[in-house]
Amino acid sequence: MSMIPSMYYTGRTAHHDPYYHQPAVWDPFQEFRAAPPVFPAESRFELRKLDWKETPEAHVFVAELPGLKRNEVKVEVEEGRVLCIRGEKSVEKEVSGDMWQRVERSSGSFVRRFKLPESAKLDKLTACMENGVLTITVPKKEAKHYPKRTIEIHGGE
């Protein structure tokens with residue numbers, strides 16, 4: 001048996017590799033058993049997934065808000081051309097007799113603010129929420145187009 005490993009042999013066993021250590025058996029439920037359920041005092045629901053794209057006609061914001069209804073989200077335009085998206089995800093009510101094994105979903109309030117450009121038509125802003133996805137469309141003002149013209153240069157020579 002050669003001490004130089006073969007580049008064609010990818011399997012490792014105790015019979016062929018003196019440095020082989022059999023891995024411990026993976027228990028997918030070990031992490032569930034390792035600690036008691038956690039109920040964080042300040043768990044926060046955050047608006048992390050948000051895209052902002054600019055098209056020739058509008059600025060479009062798309063936010064993922066899974067589990068929220070449209071009455072739990074508020075879209076406002078604040079002073080200084082600031083788009084504000086805020087909301088709150090309620091804590092699930094506990095039923096007596098139930099024992100939580102794991103809590104990973106967060107709850108709480110969130111807020112995100114974006115400074116809108118001068119080209120935004122704030123009075124024409126629209127928002128739509130469908131299947132946990134909030135889409136905000138802010139139309140743009142039409143850009144002024146000036147006709148091309150040649151300017152005559154005056155002067156000495």
# chains A, B, ... in the order shown; residues from 1 in each chain; ligands from 1

$ residues_around --residues "stretch 86-88 of chain A" --least-positions-apart "2" --cutoff "12 Å" --atoms "only C-alpha atoms" --output "PyMOL selection string"
chain A and resi 43-47+63+65-78+83-84+90-91+106-114+134

$ write_last_selection --atoms "C-alpha atoms" --output "compact mmCIF listing (two decimals), in the first residue's frame"
# COMPACT_ATOMS: atom_id res chain seq x y z
CA SER A 43 -36.91 40.21 20.03
CA ARG A 44 -37.14 42.45 16.99
CA PHE A 45 -38.82 42.02 13.67
CA GLU A 46 -36.72 43.90 11.13
CA LEU A 47 -37.40 45.01 7.61
CA ALA A 63 -40.08 44.93 0.68
CA LEU A 65 -42.82 41.43 5.06
CA PRO A 66 -43.79 37.79 5.60
CA GLY A 67 -46.72 37.19 7.89
CA LEU A 68 -47.84 40.82 8.00
CA LYS A 69 -51.17 42.17 6.80
CA ARG A 70 -51.58 45.54 5.13
CA ASN A 71 -53.26 47.02 8.23
CA GLU A 72 -50.07 46.23 10.22
CA VAL A 73 -47.89 48.34 7.89
CA LYS A 74 -47.88 52.10 7.45
CA VAL A 75 -46.31 54.05 4.56
CA GLU A 76 -45.80 57.79 5.03
CA VAL A 77 -43.94 60.67 3.48
CA GLU A 78 -42.33 62.72 6.21
CA LEU A 83 -40.32 57.90 2.68
CA CYS A 84 -41.07 56.08 5.93
CA SER A 90 -47.45 40.99 17.05
CA VAL A 91 -46.27 38.27 19.40
CA SER A 106 -39.23 37.52 15.91
CA SER A 107 -41.81 40.14 16.69
CA GLY A 108 -41.86 43.84 17.44
CA SER A 109 -41.94 47.10 15.56
CA PHE A 110 -39.77 48.24 12.68
CA VAL A 111 -39.13 51.42 10.73
CA ARG A 112 -37.10 52.21 7.61
CA ARG A 113 -36.60 55.67 6.07
CA PHE A 114 -35.38 56.71 2.64
CA LEU A 134 -45.05 45.46 -0.14

$ closest_residue --among "A:Lys53, A:Glu79, A:Glu64, A:Thr150" --to "A:Asn131" --atoms "only C-alpha atoms"
A:Glu64

$ closest_residue --among "A:Val62, A:Ala143, A:Leu50, A:Val103" --to "A:Ala127" --atoms "only C-alpha atoms"
A:Val62

$ select_by_dssp --residues "stretch 26-154 of chain A" --states "alpha helix (DSSP H)" --output "list in words"
Gln30, Glu31, Phe32, Arg33 and Ala34 of chain A

$ atom_distance --atom1 "atom CA of A:Trp52" --atom2 "atom CA of A:Ile136"
9.3 Å

$ closest_residue --among "A:His154, A:Lys93, A:Arg102, A:Thr137" --to "A:His59" --atoms "only C-alpha atoms"
A:Thr137

$ residues_around --residues "A:Lys124" --least-positions-apart "2" --cutoff "8 Å" --atoms "only C-alpha atoms" --output "ChimeraX atom specification"
/A:121-122,126,138-139

$ write_last_selection --atoms "all heavy atoms" --output "PDB file, in the first residue's frame"
ATOM      1  N   LYS A 121     -42.530  62.436  -7.461  1.00  0.00           N
ATOM      2  CA  LYS A 121     -43.859  63.049  -7.321  1.00  0.00           C
ATOM      3  C   LYS A 121     -44.487  62.485  -6.050  1.00  0.00           C
ATOM      4  O   LYS A 121     -45.093  61.418  -6.062  1.00  0.00           O
ATOM      5  CB  LYS A 121     -44.750  62.695  -8.502  1.00  0.00           C
ATOM      6  CG  LYS A 121     -44.456  63.400  -9.775  1.00  0.00           C
ATOM      7  CD  LYS A 121     -45.535  62.997 -10.779  1.00  0.00           C
ATOM      8  CE  LYS A 121     -45.358  63.677 -12.094  1.00  0.00           C
ATOM      9  NZ  LYS A 121     -46.403  63.263 -13.048  1.00  0.00           N
ATOM     10  N   LEU A 122     -44.367  63.203  -4.965  1.00  0.00           N
ATOM     11  CA  LEU A 122     -44.827  62.691  -3.678  1.00  0.00           C
ATOM     12  C   LEU A 122     -46.339  62.580  -3.582  1.00  0.00           C
ATOM     13  O   LEU A 122     -46.854  61.748  -2.841  1.00  0.00           O
ATOM     14  CB  LEU A 122     -44.292  63.573  -2.556  1.00  0.00           C
ATOM     15  CG  LEU A 122     -42.766  63.694  -2.500  1.00  0.00           C
ATOM     16  CD1 LEU A 122     -42.348  64.603  -1.375  1.00  0.00           C
ATOM     17  CD2 LEU A 122     -42.125  62.335  -2.374  1.00  0.00           C
ATOM     18  N   THR A 126     -47.989  55.420  -4.604  1.00  0.00           N
ATOM     19  CA  THR A 126     -48.949  54.320  -4.393  1.00  0.00           C
ATOM     20  C   THR A 126     -48.247  53.174  -3.672  1.00  0.00           C
ATOM     21  O   THR A 126     -47.038  53.005  -3.797  1.00  0.00           O
ATOM     22  CB  THR A 126     -49.537  53.795  -5.719  1.00  0.00           C
ATOM     23  OG1 THR A 126     -48.480  53.285  -6.531  1.00  0.00           O
ATOM     24  CG2 THR A 126     -50.292  54.868  -6.458  1.00  0.00           C
ATOM     25  N   VAL A 138     -43.209  55.323  -6.583  1.00  0.00           N
ATOM     26  CA  VAL A 138     -43.138  56.780  -6.499  1.00  0.00           C
ATOM     27  C   VAL A 138     -42.824  57.293  -7.894  1.00  0.00           C
ATOM     28  O   VAL A 138     -41.677  57.225  -8.345  1.00  0.00           O
ATOM     29  CB  VAL A 138     -42.044  57.240  -5.505  1.00  0.00           C
ATOM     30  CG1 VAL A 138     -42.076  58.752  -5.352  1.00  0.00           C
ATOM     31  CG2 VAL A 138     -42.205  56.547  -4.169  1.00  0.00           C
ATOM     32  N   PRO A 139     -43.863  57.813  -8.615  1.00  0.00           N
ATOM     33  CA  PRO A 139     -43.615  58.308  -9.968  1.00  0.00           C
ATOM     34  C   PRO A 139     -42.624  59.467  -9.971  1.00  0.00           C
ATOM     35  O   PRO A 139     -42.470  60.175  -8.971  1.00  0.00           O
ATOM     36  CB  PRO A 139     -44.990  58.772 -10.438  1.00  0.00           C
ATOM     37  CG  PRO A 139     -45.964  58.108  -9.538  1.00  0.00           C
ATOM     38  CD  PRO A 139     -45.260  57.910  -8.232  1.00  0.00           C
TER      39      PRO A 139
END

$ atom_distance --atom1 "atom CA of A:Gly132" --atom2 "atom CA of A:Asp98"
27.7 Å

$ residues_around --residues "A:Leu116" --least-positions-apart "3" --cutoff "8 Å" --atoms "only C-alpha atoms" --output "list of chain:residue names"
A:Arg81, A:Val82, A:Leu83, A:Ala120
